[in-house]
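> Contents are mmCIF, C-alpha atoms; file name model-v7.cif:
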data_coords
loop_
_atom_site.label_atom_id
_atom_site.label_comp_id
_atom_site.auth_asym_id
_atom_site.auth_seq_id
_atom_site.Cartn_x
_atom_site.Cartn_y
_atom_site.Cartn_z
CA LYS A 1 -70.00 -1.15 -12.62
CA LEU A 2 -69.00 0.82 -9.54
CA GLY A 3 -69.14 -2.38 -7.51
CA ARG A 4 -66.83 -4.17 -9.92
CA VAL A 5 -64.34 -1.26 -9.76
CA PHE A 6 -64.41 -1.30 -5.96
CA THR A 7 -63.95 -5.08 -5.83
CA GLY A 8 -60.95 -4.86 -8.21
CA TRP A 9 -59.37 -2.11 -6.09
CA VAL A 10 -59.72 -4.26 -2.94
CA GLN A 11 -58.13 -7.26 -4.68
CA ARG A 12 -55.22 -5.20 -6.00
CA THR A 13 -54.66 -3.59 -2.59
CA PHE A 14 -54.70 -6.98 -0.85
CA GLN A 15 -52.24 -8.43 -3.37
CA SER A 16 -49.97 -5.39 -3.00
CA THR A 17 -50.06 -5.70 0.79
CA GLN A 18 -49.21 -9.39 0.57
CA ALA A 19 -46.23 -8.61 -1.70
CA ALA A 20 -45.01 -5.90 0.66
CA THR A 21 -45.27 -8.24 3.65
CA ALA A 22 -43.35 -10.96 1.82
CA SER A 23 -40.71 -8.43 0.82
CA GLN A 24 -40.36 -7.23 4.42
CA ASN A 25 -39.98 -10.82 5.63
CA ALA A 26 -37.30 -11.45 2.99
CA CYS A 27 -35.48 -8.27 3.99
CA ALA A 28 -35.65 -9.29 7.64
CA ALA A 29 -34.08 -12.63 6.73
CA ASP A 30 -31.39 -10.82 4.74
CA ASP A 31 -30.77 -8.46 7.68
CA ASN A 32 -30.21 -11.40 9.99
CA LYS A 33 -27.78 -12.85 7.50
CA ALA A 34 -25.96 -9.54 6.96
CA THR A 35 -25.52 -8.86 10.68
CA SER A 36 -24.27 -12.32 11.59
CA PRO A 37 -21.02 -12.23 13.59
CA VAL A 38 -17.67 -12.50 11.85
CA PRO A 39 -16.68 -16.18 11.59
CA LYS A 40 -13.91 -17.30 13.89
CA ASP A 41 -12.04 -18.71 10.91
CA CYS A 42 -11.95 -15.35 9.05
CA PRO A 43 -8.81 -15.50 6.86
CA VAL A 44 -7.94 -11.82 7.44
CA CYS A 45 -6.21 -10.92 10.71
CA SER A 46 -2.97 -8.96 11.04
CA TYR A 47 -1.96 -6.37 13.64
CA ASN A 48 1.75 -5.78 13.05
CA GLU A 49 4.71 -6.44 10.76
CA TRP A 50 6.31 -9.41 12.54
CA ASP A 51 3.85 -11.96 13.95
CA PRO A 52 4.08 -15.39 12.22
CA LEU A 53 3.00 -14.91 8.60
CA GLU A 54 0.33 -17.34 7.35
CA GLU A 55 -1.19 -15.73 4.24
CA VAL A 56 -0.01 -12.99 1.90
CA ILE A 57 -0.83 -11.24 -1.37
CA VAL A 58 2.15 -10.96 -3.74
CA GLY A 59 2.04 -8.49 -6.63
CA ARG A 60 2.57 -9.02 -10.35
CA ALA A 61 5.04 -7.45 -12.76
CA GLU A 62 3.09 -8.65 -15.80
CA ASN A 63 1.94 -5.86 -18.16
CA ALA A 64 3.59 -3.16 -16.03
CA CYS A 65 3.55 0.21 -17.78
CA VAL A 66 5.56 3.38 -17.30
CA PRO A 67 3.22 6.06 -15.89
CA PRO A 68 2.71 9.22 -17.95
CA PHE A 69 5.08 12.01 -16.94
CA SER A 70 2.56 14.14 -15.03
CA VAL A 71 3.39 16.61 -12.26
CA GLU A 72 2.95 14.11 -9.41
CA VAL A 73 5.21 11.57 -11.13
CA LYS A 74 7.86 14.20 -11.77
CA ALA A 75 7.84 15.16 -8.08
CA ASN A 76 8.43 11.55 -7.03
CA THR A 77 11.21 10.62 -9.44
CA TYR A 78 14.79 11.74 -9.85
CA GLU A 79 15.95 13.98 -12.65
CA LYS A 80 18.22 11.39 -14.27
CA TYR A 81 15.10 9.30 -15.08
CA TRP A 82 12.89 12.11 -16.38
CA GLY A 83 13.91 11.41 -19.97
CA PHE A 84 12.89 7.76 -19.48
CA TYR A 85 9.39 8.82 -18.37
CA GLN A 86 9.04 11.40 -21.12
CA LYS A 87 9.96 8.81 -23.76
CA PHE A 88 8.13 5.72 -22.45
CA GLY A 89 5.20 7.13 -20.44
CA GLY A 90 2.09 5.07 -21.22
CA GLN A 91 4.16 2.21 -22.68
CA SER A 92 5.52 -1.03 -21.23
CA PHE A 93 8.60 -1.10 -19.06
CA PRO A 94 11.50 -2.73 -20.98
CA LYS A 95 10.30 -6.23 -21.93
CA ASP A 96 13.52 -8.09 -21.09
CA HIS A 97 13.68 -6.41 -17.68
CA LEU A 98 10.04 -7.29 -16.96
CA LYS A 99 10.62 -10.91 -17.94
CA LYS A 100 13.41 -11.19 -15.37
CA ALA A 101 11.33 -9.42 -12.70
CA ILE A 102 8.40 -11.81 -13.30
CA ALA A 103 10.69 -14.82 -12.86
CA GLU A 104 12.15 -13.38 -9.65
CA ILE A 105 8.70 -12.83 -8.11
CA GLU A 106 7.58 -16.32 -9.13
CA GLU A 107 10.58 -17.73 -7.28
CA MET A 108 9.80 -15.53 -4.30
CA CYS A 109 6.25 -16.97 -4.23
CA ASN A 110 7.62 -20.52 -4.39
CA ILE A 111 9.94 -19.83 -1.45
CA LEU A 112 7.08 -18.34 0.60
CA LYS A 113 5.00 -21.44 -0.08
CA ARG A 114 7.89 -23.68 1.01
CA GLU A 115 8.01 -21.66 4.24
CA GLY A 116 4.36 -22.58 4.86
CA VAL A 117 2.76 -19.31 3.70
CA ILE A 118 -0.42 -19.22 1.57
CA VAL A 119 0.13 -16.94 -1.45
CA LYS A 120 -2.56 -15.08 -3.38
CA ARG A 121 -1.99 -13.07 -6.59
CA PRO A 122 -3.91 -10.16 -8.16
CA ASP A 123 -5.59 -10.47 -11.55
CA LEU A 124 -3.83 -9.83 -14.86
CA ILE A 125 -4.90 -6.50 -16.37
CA ASP A 126 -3.86 -4.57 -19.47
CA TRP A 127 -2.50 -1.39 -17.90
CA SER A 128 -1.82 0.29 -21.26
CA VAL A 129 -5.52 1.02 -21.80
CA LYS A 130 -6.19 4.76 -21.79
CA TYR A 131 -8.99 5.98 -19.53
CA LYS A 132 -10.70 9.30 -18.93
CA THR A 133 -12.62 10.81 -16.01
CA PRO A 134 -14.28 14.23 -15.91
CA ASP A 135 -11.01 15.57 -14.47
CA PHE A 136 -8.09 13.85 -16.23
CA GLU A 137 -6.84 11.29 -18.74
CA SER A 138 -4.20 8.63 -18.10
CA THR A 139 -3.05 5.09 -18.65
CA GLY A 140 -2.48 2.62 -15.81
CA MET A 141 0.70 1.37 -14.20
CA TYR A 142 0.70 -2.09 -12.54
CA ALA A 143 -0.46 -4.34 -9.72
CA ALA A 144 3.08 -4.97 -8.51
CA MET A 145 2.93 -3.38 -5.06
CA PRO A 146 -0.11 -4.48 -3.00
CA ARG A 147 1.44 -2.76 0.04
CA ASP A 148 0.83 0.58 -1.71
CA ILE A 149 -2.92 0.12 -2.04
CA LEU A 150 -3.99 -2.28 0.75
CA LEU A 151 -3.69 -1.88 4.52
CA VAL A 152 -4.80 -4.69 6.81
CA VAL A 153 -5.76 -3.63 10.34
CA GLY A 154 -7.11 -6.53 12.38
CA ASN A 155 -9.75 -8.26 10.24
CA GLU A 156 -10.29 -5.18 8.05
CA ILE A 157 -8.88 -4.57 4.58
CA ILE A 158 -8.64 -0.86 3.76
CA GLU A 159 -8.29 0.15 0.11
CA ALA A 160 -6.19 3.31 -0.18
CA PRO A 161 -7.44 6.07 -2.52
CA MET A 162 -3.93 6.57 -4.01
CA ALA A 163 -2.51 9.86 -5.31
CA TRP A 164 -1.11 9.12 -8.79
CA ARG A 165 -3.53 9.36 -11.68
CA ALA A 166 -1.85 6.32 -13.26
CA ARG A 167 -2.95 4.30 -10.20
CA PHE A 168 -6.59 5.44 -10.11
CA PHE A 169 -7.97 2.06 -11.21
CA GLU A 170 -5.29 -0.14 -9.65
CA TYR A 171 -7.79 -1.51 -7.12
CA ARG A 172 -9.48 -3.49 -9.91
CA ALA A 173 -6.70 -6.08 -9.92
CA TYR A 174 -7.43 -6.96 -6.27
CA ARG A 175 -11.22 -6.91 -6.21
CA ARG A 176 -11.68 -10.66 -6.83
CA ILE A 177 -9.41 -11.50 -3.88
CA ILE A 178 -10.97 -8.92 -1.57
CA LYS A 179 -14.50 -10.09 -2.39
CA ASP A 180 -13.48 -13.62 -1.46
CA TYR A 181 -12.10 -12.38 1.87
CA PHE A 182 -15.27 -10.35 2.45
CA ASN A 183 -17.45 -13.39 1.79
CA CYS A 184 -15.39 -15.27 4.38
CA GLY A 185 -16.08 -12.64 7.04
CA ALA A 186 -13.49 -9.89 6.62
CA LYS A 187 -14.36 -6.21 6.88
CA TRP A 188 -13.79 -4.26 3.69
CA THR A 189 -13.43 -0.48 3.54
CA THR A 190 -12.65 1.74 0.58
CA ALA A 191 -11.38 5.19 1.47
CA PRO A 192 -13.01 8.15 -0.34
CA LYS A 193 -11.87 8.09 -3.95
CA PRO A 194 -10.29 11.44 -4.88
CA THR A 195 -11.24 13.20 -8.08
CA MET A 196 -7.52 13.77 -8.77
CA ALA A 197 -8.48 17.08 -10.32
CA ASP A 198 -5.76 19.63 -11.03
CA GLU A 199 -6.44 21.23 -7.63
CA LEU A 200 -5.03 18.17 -5.83
CA TYR A 201 -1.55 18.97 -7.19
CA ASP A 202 0.72 21.99 -7.02
CA GLN A 203 1.08 22.41 -10.77
CA ASP A 204 4.07 24.73 -10.26
CA TYR A 205 5.86 22.51 -7.71
CA PRO A 206 9.49 23.68 -8.13
CA ILE A 207 11.98 20.83 -8.40
CA ARG A 208 15.37 21.27 -10.00
CA SER A 209 17.76 19.49 -7.65
CA VAL A 210 18.03 17.36 -4.52
CA GLU A 211 18.74 20.57 -2.62
CA ASP A 212 15.39 21.95 -3.79
CA ARG A 213 13.67 18.80 -2.56
CA HIS A 214 15.32 19.02 0.86
CA LYS A 215 14.29 22.65 1.22
CA LEU A 216 10.69 22.04 0.19
CA ALA A 217 10.32 18.97 2.43
CA ALA A 218 11.74 20.90 5.39
CA GLN A 219 9.14 23.60 4.75
CA GLY A 220 6.37 20.99 4.66
CA LYS A 221 5.65 21.61 0.99
CA PHE A 222 4.64 18.71 -1.24
CA VAL A 223 3.25 18.21 -4.71
CA THR A 224 -0.09 17.06 -3.26
CA THR A 225 -2.30 19.76 -1.75
CA GLU A 226 -5.07 19.52 0.86
CA PHE A 227 -7.80 19.80 -1.79
CA GLU A 228 -9.20 16.36 -0.85
CA PRO A 229 -8.02 13.30 1.11
CA CYS A 230 -5.39 11.13 -0.54
CA PHE A 231 -2.95 8.54 0.73
CA ASP A 232 -1.01 5.44 -0.23
CA ALA A 233 -1.26 2.58 2.26
CA ALA A 234 2.54 2.19 2.19
CA ASP A 235 2.93 5.45 4.11
CA PHE A 236 1.48 3.65 7.17
CA ILE A 237 3.29 1.04 9.25
CA ARG A 238 1.70 -0.95 12.08
CA ALA A 239 2.72 -1.82 15.61
CA GLY A 240 -0.41 -3.18 17.27
CA ARG A 241 -2.61 -0.39 18.61
CA ASP A 242 -0.17 2.21 17.28
CA ILE A 243 0.09 3.02 13.59
CA PHE A 244 2.77 5.40 12.29
CA VAL A 245 2.40 7.53 9.16
CA GLN A 246 4.31 10.23 7.31
CA ARG A 247 3.01 13.20 5.35
CA SER A 248 4.54 12.62 1.92
CA GLN A 249 4.26 13.41 -1.76
CA VAL A 250 1.34 10.95 -1.99
CA THR A 251 -0.23 11.18 1.49
CA ASN A 252 -1.72 14.45 2.70
CA TYR A 253 -2.98 15.54 6.11
CA MET A 254 -6.61 15.11 5.06
CA GLY A 255 -5.89 11.50 4.21
CA ILE A 256 -4.15 10.96 7.54
CA GLU A 257 -7.06 12.55 9.40
CA TRP A 258 -9.52 10.30 7.57
CA MET A 259 -7.55 7.27 8.75
CA ARG A 260 -7.26 8.63 12.28
CA ARG A 261 -11.03 9.07 12.59
CA HIS A 262 -11.77 5.77 10.88
CA LEU A 263 -9.53 3.72 13.20
CA ALA A 264 -10.32 5.55 16.46
CA PRO A 265 -10.65 4.71 19.30
CA ASP A 266 -9.09 1.24 19.03
CA TYR A 267 -5.97 2.47 17.23
CA LYS A 268 -3.82 5.58 17.48
CA VAL A 269 -2.34 7.11 14.33
CA HIS A 270 0.94 8.96 14.97
CA ILE A 271 2.56 11.31 12.44
CA VAL A 272 6.33 10.95 12.15
CA SER A 273 8.67 12.90 9.89
CA PHE A 274 12.14 12.46 8.47
CA LYS A 275 14.95 14.44 6.93
CA ASP A 276 13.96 13.16 3.50
CA PRO A 277 14.17 15.16 0.26
CA ASN A 278 11.47 13.06 -1.38
CA PRO A 279 9.20 11.28 1.12
CA MET A 280 7.06 8.61 -0.47
CA HIS A 281 6.23 5.39 1.42
CA ILE A 282 7.63 4.84 4.88
CA ASP A 283 8.95 1.27 4.70
CA ALA A 284 12.38 2.05 3.19
CA THR A 285 12.83 4.78 5.79
CA PHE A 286 11.32 3.40 8.99
CA ASN A 287 10.62 -0.34 8.97
CA ILE A 288 9.38 -1.93 12.21
CA ILE A 289 10.66 -5.52 12.34
CA GLY A 290 9.73 -6.65 15.86
CA PRO A 291 8.16 -5.55 19.14
CA GLY A 292 10.08 -2.38 19.98
CA LEU A 293 12.60 -3.02 17.18
CA VAL A 294 12.89 -0.69 14.20
CA LEU A 295 15.21 -0.20 11.22
CA SER A 296 15.79 3.54 10.84
CA ASN A 297 17.40 4.79 7.62
CA PRO A 298 20.65 6.62 8.56
CA ASP A 299 20.30 8.86 5.48
CA ARG A 300 16.79 9.90 6.55
CA PRO A 301 16.86 10.39 10.33
CA CYS A 302 13.54 10.47 12.16
CA HIS A 303 12.77 13.79 13.85
CA GLN A 304 10.83 12.00 16.63
CA ILE A 305 13.33 9.21 17.28
CA GLU A 306 13.81 10.17 20.96
CA LEU A 307 10.17 9.30 21.62
CA PHE A 308 10.84 5.74 20.48
CA LYS A 309 14.00 5.48 22.56
CA LYS A 310 12.14 6.76 25.64
CA ALA A 311 9.49 4.10 25.01
CA GLY A 312 12.26 1.47 25.26
CA TRP A 313 12.52 0.72 21.56
CA THR A 314 15.77 -0.45 19.98
CA VAL A 315 16.70 1.65 16.96
CA ILE A 316 18.96 -0.01 14.38
CA HIS A 317 20.64 1.78 11.50
CA PRO A 318 21.04 -0.65 8.58
CA PRO A 319 24.27 -0.69 6.56
CA VAL A 320 24.73 1.17 3.29
CA PRO A 321 23.09 -0.73 0.41
CA LEU A 322 25.33 -2.64 -1.99
CA ILE A 323 23.25 -2.23 -5.16
CA PRO A 324 25.48 -0.83 -7.94
CA ASP A 325 25.02 2.69 -9.30
CA ASP A 326 24.35 1.49 -12.83
CA HIS A 327 21.36 -0.67 -11.87
CA PRO A 328 18.13 1.07 -12.96
CA LEU A 329 15.92 2.19 -10.09
CA TRP A 330 13.23 4.06 -11.97
CA MET A 331 10.91 4.49 -9.00
CA SER A 332 12.90 4.12 -5.79
CA SER A 333 16.20 4.54 -3.96
CA LYS A 334 18.89 2.01 -3.12
CA TRP A 335 17.47 1.73 0.39
CA LEU A 336 15.13 -1.02 -0.73
CA SER A 337 17.75 -3.19 0.98
CA MET A 338 15.95 -2.44 4.29
CA ASN A 339 12.51 -3.02 2.74
CA VAL A 340 12.37 -6.55 4.14
CA LEU A 341 9.49 -8.92 4.94
CA MET A 342 9.41 -10.54 8.38
CA LEU A 343 8.01 -14.09 8.32
CA ASP A 344 8.12 -14.02 12.11
CA GLU A 345 10.36 -12.48 14.77
CA LYS A 346 13.22 -14.86 13.89
CA ARG A 347 12.92 -15.14 10.08
CA VAL A 348 13.30 -12.41 7.49
CA MET A 349 13.14 -12.38 3.69
CA VAL A 350 16.07 -10.31 2.45
CA ASP A 351 17.80 -9.55 -0.86
CA ALA A 352 20.32 -12.28 -1.73
CA ASN A 353 22.74 -9.63 -3.03
CA GLU A 354 22.73 -7.51 0.16
CA THR A 355 25.28 -9.43 2.26
CA SER A 356 25.84 -6.53 4.68
CA ILE A 357 22.28 -6.40 5.90
CA GLN A 358 22.19 -10.20 6.02
CA LYS A 359 25.04 -10.09 8.56
CA MET A 360 23.20 -7.42 10.53
CA PHE A 361 20.14 -9.67 10.87
CA GLU A 362 22.24 -12.70 11.77
CA ASN A 363 23.91 -10.68 14.54
CA LEU A 364 20.40 -9.94 15.84
CA GLY A 365 19.64 -13.67 15.96
CA ILE A 366 17.31 -13.47 12.95
CA SER A 367 17.78 -16.07 10.22
CA THR A 368 17.72 -14.78 6.66
CA ILE A 369 15.78 -16.21 3.74
CA LYS A 370 17.74 -14.96 0.74
CA VAL A 371 15.90 -14.18 -2.49
CA ASN A 372 17.14 -12.29 -5.54
CA ILE A 373 14.64 -9.65 -6.68
CA ARG A 374 17.11 -7.15 -8.13
CA HIS A 375 15.15 -6.63 -11.38
CA ALA A 376 11.87 -6.46 -9.46
CA ASN A 377 13.45 -3.70 -7.34
CA SER A 378 13.58 -1.51 -10.44
CA LEU A 379 9.79 -1.27 -10.45
CA GLY A 380 9.85 0.53 -7.13
CA GLY A 381 9.76 -1.95 -4.26
CA GLY A 382 11.44 -4.51 -2.05
CA PHE A 383 9.89 -7.50 -0.29
CA HIS A 384 7.66 -5.40 1.97
CA CYS A 385 6.33 -3.42 -1.02
CA TRP A 386 5.70 -6.49 -3.17
CA THR A 387 3.51 -8.05 -0.48
CA CYS A 388 0.50 -7.37 1.73
CA ASP A 389 0.28 -9.66 4.74
CA ILE A 390 -3.30 -10.86 5.09
CA ARG A 391 -2.98 -13.10 8.12
CA ARG A 392 -0.43 -13.22 10.91
CA ARG A 393 -0.86 -15.43 13.94
CA GLY A 394 -1.03 -13.02 16.85
CA THR A 395 -3.23 -10.78 18.99
CA LEU A 396 -3.78 -7.03 19.31
CA GLN A 397 -1.30 -5.50 21.76
CA SER A 398 0.32 -2.16 22.63
CA TYR A 399 4.04 -1.71 22.00
CA PHE A 400 4.41 2.08 22.18
CA ASP A 401 3.61 4.31 25.13
#
For the structure just supplied, provide its representation as C-alpha cells.

Amino acid sequence: KLGRVFTGWVQRTFQSTQAATASQNACAADDNKATSPVPKDCPVCSYNEWDPLEEVIVGRAENACVPPFSVEVKANTYEKYWGFYQKFGGQSFPKDHLKKAIAEIEEMCNILKREGVIVKRPDLIDWSVKYKTPDFESTGMYAAMPRDILLVVGNEIIEAPMAWRARFFEYRAYRRIIKDYFNCGAKWTTAPKPTMADELYDQDYPIRSVEDRHKLAAQGKFVTTEFEPCFDAADFIRAGRDIFVQRSQVTNYMGIEWMRRHLAPDYKVHIVSFKDPNPMHIDATFNIIGPGLVLSNPDRPCHQIELFKKAGWTVIHPPVPLIPDDHPLWMSSKWLSMNVLMLDEKRVMVDANETSIQKMFENLGISTIKVNIRHANSLGGGFHCWTCDIRRRGTLQSYFD
C-alpha cells in the first residue's frame, strides 16, 4: 500500500512538473511577443499641432447631457447659465440644438475626409445613466471633446484622469478605438484615476462675479485642490520636445507633476499662466499653430510671453470674435474663434462665421477651410476641442529654447 502511495505521488509530481514547464515555455513565447518592437507602420504618431494631419478622432454630440450642477461645474460656468444647469442637470441638452450640432459635426467629418484625413469616431453611449462610486453619485456628459481626455505624444496615447465627476467614465467611449491603436503598436497610458472625493474640491469656493474670479485666479486659488492628481488633456499644448500647460480649474499641480515625470527626459513640461478669471483648457487662450507661431488671446495675456519672444517666436493676437451675444455658450467663451485645427502649416479649419480671423490667416499665407459649427460651439468647444490628432506626418524636434 505504501508503495502504491509513493508511486502515485511520483506520477503526480512528474505531471505537475511537466505542466509547469509547458506553462513557462508558453509564458516565454508570450514575453517574446509582448516585447516585440513597435511596428514601423504604427498609426499613432504626433508631436505638435501643425504637421500634416493624416488621422484624427472627432467627437460626438449624440446623447449629450447637461452635467449636474456640482461645485466644480459651478466654478467653470458663468452665472447667467447657472439656472440652466440647475434646471436641466442630468438631462439632455436641448434636442433641437443637439440635432443641429450633430449635423454640423457630420459635415466637418466629411470635409476632413475630402482633405485626405482618416476620421475615427467614439462609441455611442447613454450618458443619462446614473452611476455611483464610494465617493460620489453623478450622471455622464458626452464624448464630444476628445481633446479634453486624450493627449497624443509621439506614439503614445495618454488618457487624462479628468476633474469633473460627470466625466469620470467618459473614457469608455474611446476604449474600442484605443485598443485598436494599441494592437497596432501604439503605447497606451492611463493616468491615475482620481477618487473625486469631496476633498478634491474646495466646497466653499467663493464665486459671485467675474471680479471674484479674477481675484481668486490671481491668488492661485482654484476649485480643485491638491488632494490627488487631476488634469484634462486640453490644458496641455504641444510643440515638439516642449509641452506647455496651465494650472486651471480642472488641472492641478499634482497632475502637472505626474505628466512631467512621466514624459521626462524626452519632453519638457513648462507651466504658463494667464490673466484669466476662469482658466480651463489652454487652446482658446494660447493656441500654437506653427513652428514658433502662436495665437495669444488679447483678453487673457500670457504672463511669460517675453520668454516666447526671446526664443524668436511670433506672437499673434487674434481679432475679437464675431459670435453674437444671444447665442448660447453654456460651457465656453466666445474665444472659440481661435480654437482652430491646423491641417498643416498652410491650411487651417476655421469657423465659417468668423470672417475676421479668416482674413488674419489669409494675411499669414494660410488658406482657410471654412466650416460652420456654431451650434456645436455651444457644447464647449471649437475645432481643436472636437478633435484629437492621432497621426501627423513629421518628426520630433525642438522649437523652444
> Using only C-alpha atoms, which of A:Asp232, A:Glu226, A:Asp276, A:Glu170 sits nearest Asn252 of chain A?
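That would be A:Glu226, the residue with the smallest distance to Asn252 of chain A.
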> Applying the PyMOL selection byres ((chain A and resi 282-285) around 8) to the file I just gave you, which residues come out? Please list them as a compact mmCIF listing (two decimals) with C-alpha atoms, in the frame of the given file.

# COMPACT_ATOMS: atom_id res chain seq x y z
CA ALA A 234 2.54 2.19 2.19
CA ASP A 235 2.93 5.45 4.11
CA PHE A 236 1.48 3.65 7.17
CA ILE A 237 3.29 1.04 9.25
CA VAL A 245 2.40 7.53 9.16
CA GLN A 246 4.31 10.23 7.31
CA PRO A 279 9.20 11.28 1.12
CA MET A 280 7.06 8.61 -0.47
CA HIS A 281 6.23 5.39 1.42
CA PHE A 286 11.32 3.40 8.99
CA ASN A 287 10.62 -0.34 8.97
CA LEU A 295 15.21 -0.20 11.22
CA SER A 296 15.79 3.54 10.84
CA ASN A 297 17.40 4.79 7.62
CA ARG A 300 16.79 9.90 6.55
CA TRP A 335 17.47 1.73 0.39
CA LEU A 336 15.13 -1.02 -0.73
CA SER A 337 17.75 -3.19 0.98
CA MET A 338 15.95 -2.44 4.29
CA ASN A 339 12.51 -3.02 2.74
CA HIS A 384 7.66 -5.40 1.97
CA CYS A 385 6.33 -3.42 -1.02
> Quick one, how far is atom CA of Glu104 of chain A from atom CA of Ile373 of chain A?
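Those two atoms sit 5.4 Å apart.
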> To verify the selection step, state as a PDB file with C-alpha atoms, in the coordinates of the input which residues the PyMOL selection byres ((chain A and resi 369) around 6) yields on this input.

ATOM      1  CA  VAL A 348      13.300 -12.410   7.490  1.00  0.00           C
ATOM      2  CA  MET A 349      13.140 -12.380   3.690  1.00  0.00           C
ATOM      3  CA  THR A 368      17.720 -14.780   6.660  1.00  0.00           C
ATOM      4  CA  LYS A 370      17.740 -14.960   0.740  1.00  0.00           C
TER       5      LYS A 370
END
> Given the point (2.2, -6.7, 0.3) in the coordinates of this file, which residues lie within 9 Å, counting all atoms listed in the file, and how would they look as an mmCIF file with C-alpha atoms, in the coordinates of the input?

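File produced: result07.cif:
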data_model
loop_
_atom_site.group_PDB
_atom_site.id
_atom_site.type_symbol
_atom_site.label_atom_id
_atom_site.label_comp_id
_atom_site.auth_asym_id
_atom_site.auth_seq_id
_atom_site.Cartn_x
_atom_site.Cartn_y
_atom_site.Cartn_z
ATOM 1 C CA VAL A 56 -0.010 -12.990 1.900
ATOM 2 C CA ILE A 57 -0.830 -11.240 -1.370
ATOM 3 C CA VAL A 58 2.150 -10.960 -3.740
ATOM 4 C CA GLY A 59 2.040 -8.490 -6.630
ATOM 5 C CA MET A 145 2.930 -3.380 -5.060
ATOM 6 C CA PRO A 146 -0.110 -4.480 -3.000
ATOM 7 C CA ARG A 147 1.440 -2.760 0.040
ATOM 8 C CA ASP A 148 0.830 0.580 -1.710
ATOM 9 C CA ILE A 149 -2.920 0.120 -2.040
ATOM 10 C CA LEU A 150 -3.990 -2.280 0.750
ATOM 11 C CA LEU A 151 -3.690 -1.880 4.520
ATOM 12 C CA LEU A 341 9.490 -8.920 4.940
ATOM 13 C CA PHE A 383 9.890 -7.500 -0.290
ATOM 14 C CA HIS A 384 7.660 -5.400 1.970
ATOM 15 C CA CYS A 385 6.330 -3.420 -1.020
ATOM 16 C CA TRP A 386 5.700 -6.490 -3.170
ATOM 17 C CA THR A 387 3.510 -8.050 -0.480
ATOM 18 C CA CYS A 388 0.500 -7.370 1.730
ATOM 19 C CA ASP A 389 0.280 -9.660 4.740
ATOM 20 C CA ILE A 390 -3.300 -10.860 5.090
#
> In Å, how far is it from atom CA of Ser332 of chain A to atom CA of Leu364 of chain A?
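Answer for the atom CA of Ser332 of chain A to atom CA of Leu364 of chain A separation: 26.9 Å.
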> One decimal, Å: what's the distance from atom CA of Cys302 of chain A over to atom CA of Ser46 of chain A, could you say?
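Those two atoms sit 25.5 Å apart.
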> I need the residue set behind the PyMOL selection byres ((chain A and resi 203) around 12) for this file; please write it as a compact mmCIF listing (two decimals) with C-alpha atoms, keeping the file's coordinate frame.

# COMPACT_ATOMS: atom_id res chain seq x y z
CA SER A 70 2.56 14.14 -15.03
CA VAL A 71 3.39 16.61 -12.26
CA GLU A 72 2.95 14.11 -9.41
CA VAL A 73 5.21 11.57 -11.13
CA LYS A 74 7.86 14.20 -11.77
CA ALA A 75 7.84 15.16 -8.08
CA ALA A 197 -8.48 17.08 -10.32
CA ASP A 198 -5.76 19.63 -11.03
CA GLU A 199 -6.44 21.23 -7.63
CA LEU A 200 -5.03 18.17 -5.83
CA TYR A 201 -1.55 18.97 -7.19
CA ASP A 202 0.72 21.99 -7.02
CA ASP A 204 4.07 24.73 -10.26
CA TYR A 205 5.86 22.51 -7.71
CA PRO A 206 9.49 23.68 -8.13
CA ILE A 207 11.98 20.83 -8.40
CA PHE A 222 4.64 18.71 -1.24
CA VAL A 223 3.25 18.21 -4.71
CA THR A 224 -0.09 17.06 -3.26
CA THR A 225 -2.30 19.76 -1.75
> Which one of A:Ser138, A:Ser128, A:Asn155, A:Thr314 sits closest to Arg391 of chain A if you count only C-alpha atoms?
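Closest candidate: A:Asn155.
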> Using the file's own x, y and z axes, so that the box edges lie along x, y and z, what centre and edge lengths in Å (one decimal) does a box around every listed atom of segment 341-352 of chain A get when 6 Å is added on each side? Give it as lines of an AutoDock Vina configuration file.

center_x = 14.2
center_y = -12.0
center_z = 6.5
size_x = 24.3
size_y = 18.2
size_z = 28.5
> Give me the residues within 12 Å of Phe88 of chain A as a list in words, counting all atoms listed in the file and dropping any in the same chain fewer than 2 places off.
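Within the cut-off, the hits are Ala64, Cys65, Val66, Pro67, Pro68, Phe69, Tyr81, Trp82, Gly83, Phe84, Tyr85, Gln86, Gly90, Gln91, Ser92, Phe93, Pro94, Ser128, Thr139, Met141 and Trp330 of chain A.
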> Convert the current residue selection to file output with C-alpha atoms, as an mmCIF file, in the coordinates of the input.

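Writing the result to selection-v8.cif gives the following:
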data_model
loop_
_atom_site.group_PDB
_atom_site.id
_atom_site.type_symbol
_atom_site.label_atom_id
_atom_site.label_comp_id
_atom_site.auth_asym_id
_atom_site.auth_seq_id
_atom_site.Cartn_x
_atom_site.Cartn_y
_atom_site.Cartn_z
ATOM 1 C CA ALA A 64 3.590 -3.160 -16.030
ATOM 2 C CA CYS A 65 3.550 0.210 -17.780
ATOM 3 C CA VAL A 66 5.560 3.380 -17.300
ATOM 4 C CA PRO A 67 3.220 6.060 -15.890
ATOM 5 C CA PRO A 68 2.710 9.220 -17.950
ATOM 6 C CA PHE A 69 5.080 12.010 -16.940
ATOM 7 C CA TYR A 81 15.100 9.300 -15.080
ATOM 8 C CA TRP A 82 12.890 12.110 -16.380
ATOM 9 C CA GLY A 83 13.910 11.410 -19.970
ATOM 10 C CA PHE A 84 12.890 7.760 -19.480
ATOM 11 C CA TYR A 85 9.390 8.820 -18.370
ATOM 12 C CA GLN A 86 9.040 11.400 -21.120
ATOM 13 C CA GLY A 90 2.090 5.070 -21.220
ATOM 14 C CA GLN A 91 4.160 2.210 -22.680
ATOM 15 C CA SER A 92 5.520 -1.030 -21.230
ATOM 16 C CA PHE A 93 8.600 -1.100 -19.060
ATOM 17 C CA PRO A 94 11.500 -2.730 -20.980
ATOM 18 C CA SER A 128 -1.820 0.290 -21.260
ATOM 19 C CA THR A 139 -3.050 5.090 -18.650
ATOM 20 C CA MET A 141 0.700 1.370 -14.200
ATOM 21 C CA TRP A 330 13.230 4.060 -11.970
#
> Which one is closest to Arg165 of chain A: A:Arg238, A:Lys179, A:Lys275, A:Lys132? Count only C-alpha atoms.
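For Arg165 of chain A, the nearest of the given residues is A:Lys132.
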> Which residue, A:Ile256, A:Ala191, A:Val315, A:Ile288, has the smallest gap to Glu345 of chain A when you use all atoms listed in the file?
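Residue with the minimum atom-to-atom distance to Glu345 of chain A: A:Ile288.
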